[in-house]
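Here is the structure we will look at.
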Amino acid sequence: MKIYGEGIATISQSGQMLDVYFPNIEFGEQKTDYKILQINSGTQEIIKFEWTKNDLDKPINKISDAYFKLHLISNKFVLPNTINLDGLFECLPNVVWTNKGPISINEMEGKLNESKCGNNDLFIRSLDKFPCLTDYIIPKKVRIADASRVRLGAYLSEGTTIMHEGFVNFNAGTLGKAMIEGRISAGVVIGDNSDLGGGSSTMGTLSGGNDTKISVGKNCLLGANSGIGISLGDNCIVEAGLYVTAGTKINVIDRDDNKEIILKARELSGKSNLLYMRDSLSGKVVAKINKSKSSLNKILHKND
């Protein structure tokens with residue numbers, strides 16, 4: 001399979017590459033619709049890639065590789081967790097992201113001084129290795145209330161709505177229409193027709209030595225301020241305020257002999273049709289069969 005990319009790199013005054021925008025990508029039979037029109041030879045550079053599928057499995061060893069792979073995910077040419085992103089953090093520089101584009105941290109104070117003395121409109125949005133998605137790609141039929149909370153490398157399917165408190169990291173996202181008012185951490189994918197309530201959280205793989213990929217199935221609901229450190233199958237609910245980690249002791253009713261058994265939550269990871277809740281009298285975390293169906297408002301998620 002042929003994989004071709006043509007991009008524009010931003011170069012600092014000292015010659016450091018800060019970012020790469022890839023408007024022109026061919027991925028087998030799929031492609032983007034835009035060509036490079038013109039560049040500033042002093043601050044920009046043309047980058048070209050001709051890859052095979054084997055290159056997707058190689059670690060990242062330069063900035064242009066990192067940006068190309070992030071573009072492949074956000075253009076939905078590849079799914080999260082299907083290409084090698086080893087070396088990503090080591091290659092990406094920490095950059096000052098401004099309304100005038102990326103600026104080197106070492107040059108920012110001078111630019112800021114020029115801005116204040118000249119009374120112009122330069123302002124800083126963030127200091128980060130990752131820019132926001134919408135500076136490079138505008139996903140179709142998606143609503144994002146606060147674009148600064150969605151990083152380049154997010155995978156957003158049609159029908160996704162991300163409210164102001166929603167957050168989507170790189171190499172993560174939605175596999176169908178979804179309501180996101182909580183946090184989708186790196187490596188986490190959310191199934192079709194699922195809802196992450198306000199302040200809810202999914203445990204990612206970037207810190208704490210955790211290398212288990214968390215996923216949420218179809219027709220699931222994470223209540224407000226809830227969280228998961230295990231995967232959910234289809235048609236699951238976690239009640240508001242309950243955080244279920246892999247080691248959480250779960251009280252489960254054995255339907256065969258009507259006895260209560262205690263399991264660690266990791267033993268239920270990926271199981272479908274479960275309702276996780278805390279017993280208001282005993283304080284125990286309970287899992288029982290979920291008899292209700294979660295559904296999203298179709299009108300809210302057409303996003304035309």
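Chains: A, B, ... in order of the structure tokens. Residues: from 1 per chain. Ligands: from 1, in order shown.
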Check your understanding: Could you pull the residues within 12 Å of A:Glu45, counting only C-alpha atoms, minus those fewer than 3 positions along the same chain, as a ChimeraX atom specification?
Key -> /A:6-12,15-22,36,38-42,48,64
Practice item. With a distance cut-off of 10 Å and only C-alpha atoms, select the neighbouring residues of stretch 283-294 of chain A, excluding the residue or stretch itself and same-chain residues fewer than 6 positions from it, and output the selection as JSON, numbers by chain. Key: {"A": [193, 194, 195, 218, 219, 220, 221, 234, 235, 236, 237, 238, 242, 243, 244, 248, 249, 250, 251, 252, 253, 254, 255, 260, 262, 263, 265, 268, 272, 273, 274, 275, 276, 277]}
With C-alpha atoms retained, write the just-selected residues as a PDB file, in the first residue's frame.
ATOM      1  CA  ASN A 193     -23.805   5.865  21.120  1.00  0.00           C
ATOM      2  CA  SER A 194     -21.893   6.264  24.399  1.00  0.00           C
ATOM      3  CA  ASP A 195     -21.962   9.221  26.786  1.00  0.00           C
ATOM      4  CA  LYS A 218     -21.349   0.822  22.606  1.00  0.00           C
ATOM      5  CA  ASN A 219     -24.375   2.310  24.402  1.00  0.00           C
ATOM      6  CA  CYS A 220     -22.495   3.068  27.627  1.00  0.00           C
ATOM      7  CA  LEU A 221     -22.882   5.865  30.165  1.00  0.00           C
ATOM      8  CA  ASP A 234     -21.492  -2.786  25.561  1.00  0.00           C
ATOM      9  CA  ASN A 235     -24.517  -1.384  27.415  1.00  0.00           C
ATOM     10  CA  CYS A 236     -22.762  -0.559  30.697  1.00  0.00           C
ATOM     11  CA  ILE A 237     -23.379   2.233  33.211  1.00  0.00           C
ATOM     12  CA  VAL A 238     -21.119   3.634  35.925  1.00  0.00           C
ATOM     13  CA  LEU A 242     -18.072   6.252  41.336  1.00  0.00           C
ATOM     14  CA  TYR A 243     -14.472   5.593  40.259  1.00  0.00           C
ATOM     15  CA  VAL A 244     -13.837   1.940  39.394  1.00  0.00           C
ATOM     16  CA  THR A 248     -11.735  -2.065  43.257  1.00  0.00           C
ATOM     17  CA  LYS A 249     -13.570  -4.836  45.136  1.00  0.00           C
ATOM     18  CA  ILE A 250     -16.887  -5.454  43.387  1.00  0.00           C
ATOM     19  CA  ASN A 251     -19.817  -7.276  44.962  1.00  0.00           C
ATOM     20  CA  VAL A 252     -21.515  -9.383  42.292  1.00  0.00           C
ATOM     21  CA  ILE A 253     -24.673 -11.449  42.643  1.00  0.00           C
ATOM     22  CA  ASP A 254     -24.122 -14.941  41.211  1.00  0.00           C
ATOM     23  CA  ARG A 255     -27.369 -15.581  39.373  1.00  0.00           C
ATOM     24  CA  GLU A 260     -22.941 -12.703  46.416  1.00  0.00           C
ATOM     25  CA  ILE A 262     -16.518 -10.517  45.540  1.00  0.00           C
ATOM     26  CA  LEU A 263     -14.278  -9.918  42.540  1.00  0.00           C
ATOM     27  CA  ALA A 265     -12.894  -5.059  38.944  1.00  0.00           C
ATOM     28  CA  LEU A 268     -15.059  -7.830  34.986  1.00  0.00           C
ATOM     29  CA  SER A 272     -21.190  -6.173  28.818  1.00  0.00           C
ATOM     30  CA  ASN A 273     -24.588  -5.303  30.327  1.00  0.00           C
ATOM     31  CA  LEU A 274     -23.352  -4.268  33.768  1.00  0.00           C
ATOM     32  CA  LEU A 275     -24.430  -1.453  36.072  1.00  0.00           C
ATOM     33  CA  TYR A 276     -21.740  -0.322  38.529  1.00  0.00           C
ATOM     34  CA  MET A 277     -23.032   1.503  41.594  1.00  0.00           C
TER      35      MET A 277
END
Check your understanding: In Å, how far is it from atom CA of A:Arg125 to atom CA of A:Gly101?
Key ->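 Taking atom CA of A:Arg125 as the start and atom CA of A:Gly101 as the end point, the length is 9.9 Å.
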Under the rule of at most 8 Å, produce a per-residue listing of stretch 76-100 of chain A near stretch 145-157 of chain A: chain, number, name, the closest pair of atoms, and the distance in Å, as JSON lines, using only C-alpha atoms.
{"residue": "A:Lys76", "atom": "CA", "partner": "A:Tyr155", "partner_atom": "CA", "distance": 6.2}
{"residue": "A:Leu79", "atom": "CA", "partner": "A:Tyr155", "partner_atom": "CA", "distance": 7.3}
{"residue": "A:Pro80", "atom": "CA", "partner": "A:Tyr155", "partner_atom": "CA", "distance": 7.0}
Check your understanding: Among stretch 124-289 of chain A, which residues carry a DSSP assignment of strand (DSSP E), reported as a VMD selection string?
Key -> chain A and resid 124 to 128 143 to 144 154 to 155 160 to 162 167 to 168 172 to 174 178 to 180 183 to 184 189 to 190 194 to 196 201 to 202 215 to 216 221 to 222 227 to 228 237 to 238 243 to 244 249 to 254 259 to 264 274 to 278 285 to 289
Review point. Quick one: of A:Ala240, A:Gly233, A:Lys2, A:Trp51, who's nearest to A:Gly28, counting only C-alpha atoms?
Key: A:Lys2
Using only C-alpha atoms, what does the table of stretch 38-73 of chain A residues within 10 Å of stretch 82-85 of chain A look like, with each row giving the shortest atom pair and its distance in Å to one decimal, sorted by chain and ascending number, as JSON lines?
{"residue": "A:Lys53", "atom": "CA", "partner": "A:Ile83", "partner_atom": "CA", "distance": 9.6}
{"residue": "A:Asn54", "atom": "CA", "partner": "A:Ile83", "partner_atom": "CA", "distance": 9.8}
{"residue": "A:Asp55", "atom": "CA", "partner": "A:Asn84", "partner_atom": "CA", "distance": 8.9}
{"residue": "A:Leu56", "atom": "CA", "partner": "A:Ile83", "partner_atom": "CA", "distance": 5.4}
{"residue": "A:Asp57", "atom": "CA", "partner": "A:Asn84", "partner_atom": "CA", "distance": 4.9}
{"residue": "A:Lys58", "atom": "CA", "partner": "A:Asn84", "partner_atom": "CA", "distance": 6.0}
{"residue": "A:Pro59", "atom": "CA", "partner": "A:Asn84", "partner_atom": "CA", "distance": 5.8}
{"residue": "A:Ile60", "atom": "CA", "partner": "A:Leu85", "partner_atom": "CA", "distance": 6.2}
{"residue": "A:Asn61", "atom": "CA", "partner": "A:Leu85", "partner_atom": "CA", "distance": 9.8}
{"residue": "A:Asp65", "atom": "CA", "partner": "A:Leu85", "partner_atom": "CA", "distance": 9.5}
{"residue": "A:Ala66", "atom": "CA", "partner": "A:Leu85", "partner_atom": "CA", "distance": 7.6}
{"residue": "A:Lys69", "atom": "CA", "partner": "A:Leu85", "partner_atom": "CA", "distance": 7.8}
{"residue": "A:Leu70", "atom": "CA", "partner": "A:Leu85", "partner_atom": "CA", "distance": 8.9}
{"residue": "A:Leu72", "atom": "CA", "partner": "A:Ile83", "partner_atom": "CA", "distance": 9.6}
{"residue": "A:Ile73", "atom": "CA", "partner": "A:Ile83", "partner_atom": "CA", "distance": 8.9}
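Straight-line separation from atom CA of A:Thr245 to atom CA of A:His164: 25.7 Å.
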So that I can check the surroundings of A:Arg183, please list as a PDB file with N, CA, C and O atoms, in the first residue's frame every protein, DNA and RNA residue that reaches within 12 Å of it, counting only C-alpha atoms and ignoring chain neighbours fewer than 4 positions away.
ATOM      1  N   ARG A 149      -9.220  21.958  23.912  1.00  0.00           N
ATOM      2  CA  ARG A 149      -9.254  20.752  24.728  1.00  0.00           C
ATOM      3  C   ARG A 149      -9.208  19.459  23.909  1.00  0.00           C
ATOM      4  O   ARG A 149      -9.426  18.368  24.438  1.00  0.00           O
ATOM      5  N   VAL A 150      -8.912  19.592  22.624  1.00  0.00           N
ATOM      6  CA  VAL A 150      -8.772  18.406  21.763  1.00  0.00           C
ATOM      7  C   VAL A 150      -7.433  18.490  21.043  1.00  0.00           C
ATOM      8  O   VAL A 150      -7.187  19.411  20.267  1.00  0.00           O
ATOM      9  N   ILE A 162     -18.389  17.276  21.590  1.00  0.00           N
ATOM     10  CA  ILE A 162     -17.493  17.472  22.730  1.00  0.00           C
ATOM     11  C   ILE A 162     -17.856  18.794  23.381  1.00  0.00           C
ATOM     12  O   ILE A 162     -17.673  19.862  22.789  1.00  0.00           O
ATOM     13  N   MET A 163     -18.384  18.737  24.594  1.00  0.00           N
ATOM     14  CA  MET A 163     -18.800  19.938  25.283  1.00  0.00           C
ATOM     15  C   MET A 163     -17.596  20.635  25.928  1.00  0.00           C
ATOM     16  O   MET A 163     -16.475  20.159  25.847  1.00  0.00           O
ATOM     17  N   HIS A 164     -17.841  21.772  26.580  1.00  0.00           N
ATOM     18  CA  HIS A 164     -16.758  22.645  27.055  1.00  0.00           C
ATOM     19  C   HIS A 164     -15.788  21.939  27.995  1.00  0.00           C
ATOM     20  O   HIS A 164     -14.584  22.204  27.968  1.00  0.00           O
ATOM     21  N   GLU A 165     -16.270  21.035  28.837  1.00  0.00           N
ATOM     22  CA  GLU A 165     -15.394  20.339  29.775  1.00  0.00           C
ATOM     23  C   GLU A 165     -14.864  19.022  29.223  1.00  0.00           C
ATOM     24  O   GLU A 165     -14.099  18.338  29.884  1.00  0.00           O
ATOM     25  N   GLY A 166     -15.266  18.658  28.025  1.00  0.00           N
ATOM     26  CA  GLY A 166     -14.749  17.447  27.401  1.00  0.00           C
ATOM     27  C   GLY A 166     -13.300  17.623  26.976  1.00  0.00           C
ATOM     28  O   GLY A 166     -12.873  18.716  26.618  1.00  0.00           O
ATOM     29  N   PHE A 167     -12.540  16.540  27.007  1.00  0.00           N
ATOM     30  CA  PHE A 167     -11.133  16.567  26.598  1.00  0.00           C
ATOM     31  C   PHE A 167     -10.821  15.275  25.847  1.00  0.00           C
ATOM     32  O   PHE A 167     -11.230  14.193  26.266  1.00  0.00           O
ATOM     33  N   VAL A 168     -10.086  15.399  24.723  1.00  0.00           N
ATOM     34  CA  VAL A 168      -9.657  14.216  23.980  1.00  0.00           C
ATOM     35  C   VAL A 168      -8.166  14.328  23.709  1.00  0.00           C
ATOM     36  O   VAL A 168      -7.705  15.273  23.063  1.00  0.00           O
ATOM     37  N   ASN A 169      -7.410  13.350  24.200  1.00  0.00           N
ATOM     38  CA  ASN A 169      -5.965  13.329  24.016  1.00  0.00           C
ATOM     39  C   ASN A 169      -5.619  12.724  22.653  1.00  0.00           C
ATOM     40  O   ASN A 169      -6.496  12.246  21.925  1.00  0.00           O
ATOM     41  N   PHE A 170      -4.319  12.708  22.310  1.00  0.00           N
ATOM     42  CA  PHE A 170      -3.871  12.082  21.071  1.00  0.00           C
ATOM     43  C   PHE A 170      -4.005  10.559  21.182  1.00  0.00           C
ATOM     44  O   PHE A 170      -4.057   9.992  22.268  1.00  0.00           O
ATOM     45  N   ALA A 172      -6.454   8.637  20.704  1.00  0.00           N
ATOM     46  CA  ALA A 172      -7.664   8.316  21.466  1.00  0.00           C
ATOM     47  C   ALA A 172      -8.842   8.935  20.737  1.00  0.00           C
ATOM     48  O   ALA A 172      -8.671   9.772  19.856  1.00  0.00           O
ATOM     49  N   GLY A 173     -10.062   8.518  21.116  1.00  0.00           N
ATOM     50  CA  GLY A 173     -11.204   9.178  20.503  1.00  0.00           C
ATOM     51  C   GLY A 173     -12.454   8.333  20.475  1.00  0.00           C
ATOM     52  O   GLY A 173     -12.635   7.419  21.283  1.00  0.00           O
ATOM     53  N   THR A 174     -13.323   8.646  19.514  1.00  0.00           N
ATOM     54  CA  THR A 174     -14.650   8.051  19.432  1.00  0.00           C
ATOM     55  C   THR A 174     -14.780   7.224  18.160  1.00  0.00           C
ATOM     56  O   THR A 174     -14.340   7.636  17.092  1.00  0.00           O
ATOM     57  N   MET A 179     -21.386  11.550  23.068  1.00  0.00           N
ATOM     58  CA  MET A 179     -21.432  12.800  23.825  1.00  0.00           C
ATOM     59  C   MET A 179     -20.283  12.780  24.812  1.00  0.00           C
ATOM     60  O   MET A 179     -20.208  11.891  25.668  1.00  0.00           O
ATOM     61  N   GLY A 187      -4.849   6.701  24.362  1.00  0.00           N
ATOM     62  CA  GLY A 187      -5.032   5.273  24.189  1.00  0.00           C
ATOM     63  C   GLY A 187      -6.443   4.778  24.379  1.00  0.00           C
ATOM     64  O   GLY A 187      -6.736   3.612  24.106  1.00  0.00           O
ATOM     65  N   VAL A 188      -7.366   5.638  24.823  1.00  0.00           N
ATOM     66  CA  VAL A 188      -8.729   5.218  25.137  1.00  0.00           C
ATOM     67  C   VAL A 188      -9.644   5.453  23.935  1.00  0.00           C
ATOM     68  O   VAL A 188      -9.584   6.505  23.293  1.00  0.00           O
ATOM     69  N   VAL A 189     -10.498   4.483  23.641  1.00  0.00           N
ATOM     70  CA  VAL A 189     -11.486   4.649  22.569  1.00  0.00           C
ATOM     71  C   VAL A 189     -12.890   4.441  23.138  1.00  0.00           C
ATOM     72  O   VAL A 189     -13.099   3.618  24.029  1.00  0.00           O
ATOM     73  N   ILE A 190     -13.836   5.201  22.580  1.00  0.00           N
ATOM     74  CA  ILE A 190     -15.224   5.206  23.060  1.00  0.00           C
ATOM     75  C   ILE A 190     -16.131   4.699  21.941  1.00  0.00           C
ATOM     76  O   ILE A 190     -16.072   5.190  20.815  1.00  0.00           O
ATOM     77  N   ASP A 195     -21.886   7.891  26.182  1.00  0.00           N
ATOM     78  CA  ASP A 195     -21.962   9.221  26.786  1.00  0.00           C
ATOM     79  C   ASP A 195     -21.025   9.274  27.984  1.00  0.00           C
ATOM     80  O   ASP A 195     -21.146   8.468  28.914  1.00  0.00           O
ATOM     81  N   LEU A 196     -20.067  10.226  27.961  1.00  0.00           N
ATOM     82  CA  LEU A 196     -19.195  10.481  29.106  1.00  0.00           C
ATOM     83  C   LEU A 196     -19.708  11.736  29.793  1.00  0.00           C
ATOM     84  O   LEU A 196     -19.600  12.836  29.253  1.00  0.00           O
ATOM     85  N   GLY A 197     -20.286  11.572  30.979  1.00  0.00           N
ATOM     86  CA  GLY A 197     -20.888  12.691  31.692  1.00  0.00           C
ATOM     87  C   GLY A 197     -19.864  13.699  32.179  1.00  0.00           C
ATOM     88  O   GLY A 197     -18.660  13.447  32.192  1.00  0.00           O
ATOM     89  N   GLY A 198     -20.352  14.863  32.611  1.00  0.00           N
ATOM     90  CA  GLY A 198     -19.493  15.965  33.030  1.00  0.00           C
ATOM     91  C   GLY A 198     -18.513  15.572  34.121  1.00  0.00           C
ATOM     92  O   GLY A 198     -18.906  15.028  35.148  1.00  0.00           O
ATOM     93  N   GLY A 199     -17.213  15.819  33.889  1.00  0.00           N
ATOM     94  CA  GLY A 199     -16.194  15.533  34.892  1.00  0.00           C
ATOM     95  C   GLY A 199     -15.783  14.078  34.978  1.00  0.00           C
ATOM     96  O   GLY A 199     -14.956  13.718  35.823  1.00  0.00           O
ATOM     97  N   SER A 200     -16.314  13.218  34.123  1.00  0.00           N
ATOM     98  CA  SER A 200     -15.933  11.803  34.168  1.00  0.00           C
ATOM     99  C   SER A 200     -14.537  11.625  33.578  1.00  0.00           C
ATOM    100  O   SER A 200     -14.018  12.472  32.871  1.00  0.00           O
ATOM    101  N   SER A 201     -13.926  10.477  33.886  1.00  0.00           N
ATOM    102  CA  SER A 201     -12.521  10.272  33.549  1.00  0.00           C
ATOM    103  C   SER A 201     -12.269   8.840  33.107  1.00  0.00           C
ATOM    104  O   SER A 201     -12.867   7.898  33.630  1.00  0.00           O
ATOM    105  N   THR A 202     -11.365   8.674  32.152  1.00  0.00           N
ATOM    106  CA  THR A 202     -10.904   7.355  31.734  1.00  0.00           C
ATOM    107  C   THR A 202      -9.397   7.294  31.945  1.00  0.00           C
ATOM    108  O   THR A 202      -8.679   8.218  31.596  1.00  0.00           O
ATOM    109  N   MET A 203      -8.917   6.216  32.514  1.00  0.00           N
ATOM    110  CA  MET A 203      -7.505   6.098  32.869  1.00  0.00           C
ATOM    111  C   MET A 203      -6.670   5.778  31.631  1.00  0.00           C
ATOM    112  O   MET A 203      -6.949   4.808  30.925  1.00  0.00           O
ATOM    113  N   GLY A 204      -5.648   6.592  31.362  1.00  0.00           N
ATOM    114  CA  GLY A 204      -4.817   6.412  30.184  1.00  0.00           C
ATOM    115  C   GLY A 204      -3.542   5.647  30.468  1.00  0.00           C
ATOM    116  O   GLY A 204      -3.378   5.013  31.516  1.00  0.00           O
ATOM    117  N   LEU A 222     -21.057   6.901  31.386  1.00  0.00           N
ATOM    118  CA  LEU A 222     -20.287   7.222  32.588  1.00  0.00           C
ATOM    119  C   LEU A 222     -20.955   8.437  33.216  1.00  0.00           C
ATOM    120  O   LEU A 222     -20.996   9.512  32.609  1.00  0.00           O
ATOM    121  N   ALA A 224     -21.764  11.631  35.787  1.00  0.00           N
ATOM    122  CA  ALA A 224     -20.955  12.808  36.116  1.00  0.00           C
ATOM    123  C   ALA A 224     -19.958  12.480  37.232  1.00  0.00           C
ATOM    124  O   ALA A 224     -20.304  11.837  38.227  1.00  0.00           O
ATOM    125  N   ASN A 225     -18.707  12.900  37.023  1.00  0.00           N
ATOM    126  CA  ASN A 225     -17.620  12.731  38.005  1.00  0.00           C
ATOM    127  C   ASN A 225     -17.311  11.265  38.325  1.00  0.00           C
ATOM    128  O   ASN A 225     -16.728  10.963  39.362  1.00  0.00           O
ATOM    129  N   SER A 226     -17.676  10.361  37.443  1.00  0.00           N
ATOM    130  CA  SER A 226     -17.293   8.959  37.608  1.00  0.00           C
ATOM    131  C   SER A 226     -15.974   8.718  36.871  1.00  0.00           C
ATOM    132  O   SER A 226     -15.444   9.617  36.214  1.00  0.00           O
ATOM    133  N   GLY A 227     -15.456   7.492  36.977  1.00  0.00           N
ATOM    134  CA  GLY A 227     -14.223   7.185  36.282  1.00  0.00           C
ATOM    135  C   GLY A 227     -13.994   5.690  36.181  1.00  0.00           C
ATOM    136  O   GLY A 227     -14.562   4.908  36.957  1.00  0.00           O
ATOM    137  N   ILE A 228     -13.166   5.291  35.224  1.00  0.00           N
ATOM    138  CA  ILE A 228     -12.877   3.866  35.049  1.00  0.00           C
ATOM    139  C   ILE A 228     -11.385   3.638  34.809  1.00  0.00           C
ATOM    140  O   ILE A 228     -10.727   4.378  34.100  1.00  0.00           O
TER     141      ILE A 228
END
Point to revise | Non-local contacts of A:Ser126 (9 Å; only C-alpha atoms; under 4 positions in same chain excluded) as a PyMOL selection string | key: chain A and resi 95-98+131+148
Exercise for review: Determine, counting only C-alpha atoms, which protein, DNA and RNA residues have an atom within 9 Å of an atom of A:Lys62; residues of the same chain fewer than 6 positions away are not included. Present the result as a PyMOL selection string.
Suggested key: chain A and resi 87-88+90-92
Exercise for review: Taking the DSSP assignment computed from this structure's backbone, write out as a PyMOL selection string all residues of stretch 10-213 of chain A that belong to alpha helix (DSSP H).
Suggested key: chain A and resi 63-74+88-91+105-118
Selected residues written out, C-alpha atoms, as a PDB file, in the first residue's frame:
ATOM      1  CA  ILE A  63       9.485  15.630  14.341  1.00  0.00           C
ATOM      2  CA  SER A  64       8.123  15.184  10.826  1.00  0.00           C
ATOM      3  CA  ASP A  65       7.430  11.467  11.488  1.00  0.00           C
ATOM      4  CA  ALA A  66       5.527  12.400  14.653  1.00  0.00           C
ATOM      5  CA  TYR A  67       3.311  14.957  12.923  1.00  0.00           C
ATOM      6  CA  PHE A  68       2.653  12.669   9.974  1.00  0.00           C
ATOM      7  CA  LYS A  69       1.439   9.857  12.230  1.00  0.00           C
ATOM      8  CA  LEU A  70      -0.720  12.243  14.274  1.00  0.00           C
ATOM      9  CA  HIS A  71      -2.265  13.516  11.033  1.00  0.00           C
ATOM     10  CA  LEU A  72      -2.995   9.938   9.914  1.00  0.00           C
ATOM     11  CA  ILE A  73      -4.953   9.308  13.117  1.00  0.00           C
ATOM     12  CA  SER A  74      -6.883  12.583  13.077  1.00  0.00           C
ATOM     13  CA  LEU A  88       6.736  10.552  20.112  1.00  0.00           C
ATOM     14  CA  PHE A  89       7.430  12.557  23.271  1.00  0.00           C
ATOM     15  CA  GLU A  90      11.189  12.445  22.786  1.00  0.00           C
ATOM     16  CA  CYS A  91      10.909  13.939  19.285  1.00  0.00           C
ATOM     17  CA  ILE A 105      10.367  28.912  23.553  1.00  0.00           C
ATOM     18  CA  ASN A 106      13.898  30.344  23.285  1.00  0.00           C
ATOM     19  CA  GLU A 107      12.630  33.125  20.994  1.00  0.00           C
ATOM     20  CA  MET A 108       9.298  33.837  22.652  1.00  0.00           C
ATOM     21  CA  GLU A 109      10.392  36.547  25.098  1.00  0.00           C
ATOM     22  CA  GLY A 110      11.779  38.631  22.249  1.00  0.00           C
ATOM     23  CA  LYS A 111       8.583  38.155  20.221  1.00  0.00           C
ATOM     24  CA  LEU A 112       6.490  39.078  23.232  1.00  0.00           C
ATOM     25  CA  ASN A 113       8.536  42.224  23.812  1.00  0.00           C
ATOM     26  CA  GLU A 114       8.112  43.220  20.163  1.00  0.00           C
ATOM     27  CA  SER A 115       4.393  42.616  20.478  1.00  0.00           C
ATOM     28  CA  LYS A 116       3.971  44.772  23.593  1.00  0.00           C
ATOM     29  CA  CYS A 117       6.108  47.603  22.220  1.00  0.00           C
ATOM     30  CA  GLY A 118       4.279  47.493  18.903  1.00  0.00           C
TER      31      GLY A 118
END
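Nearest to A:Asn171 of all the residues A:Asn24, A:Asn119, A:Ser215, A:Asn81 is A:Asn81, based on only C-alpha atoms.
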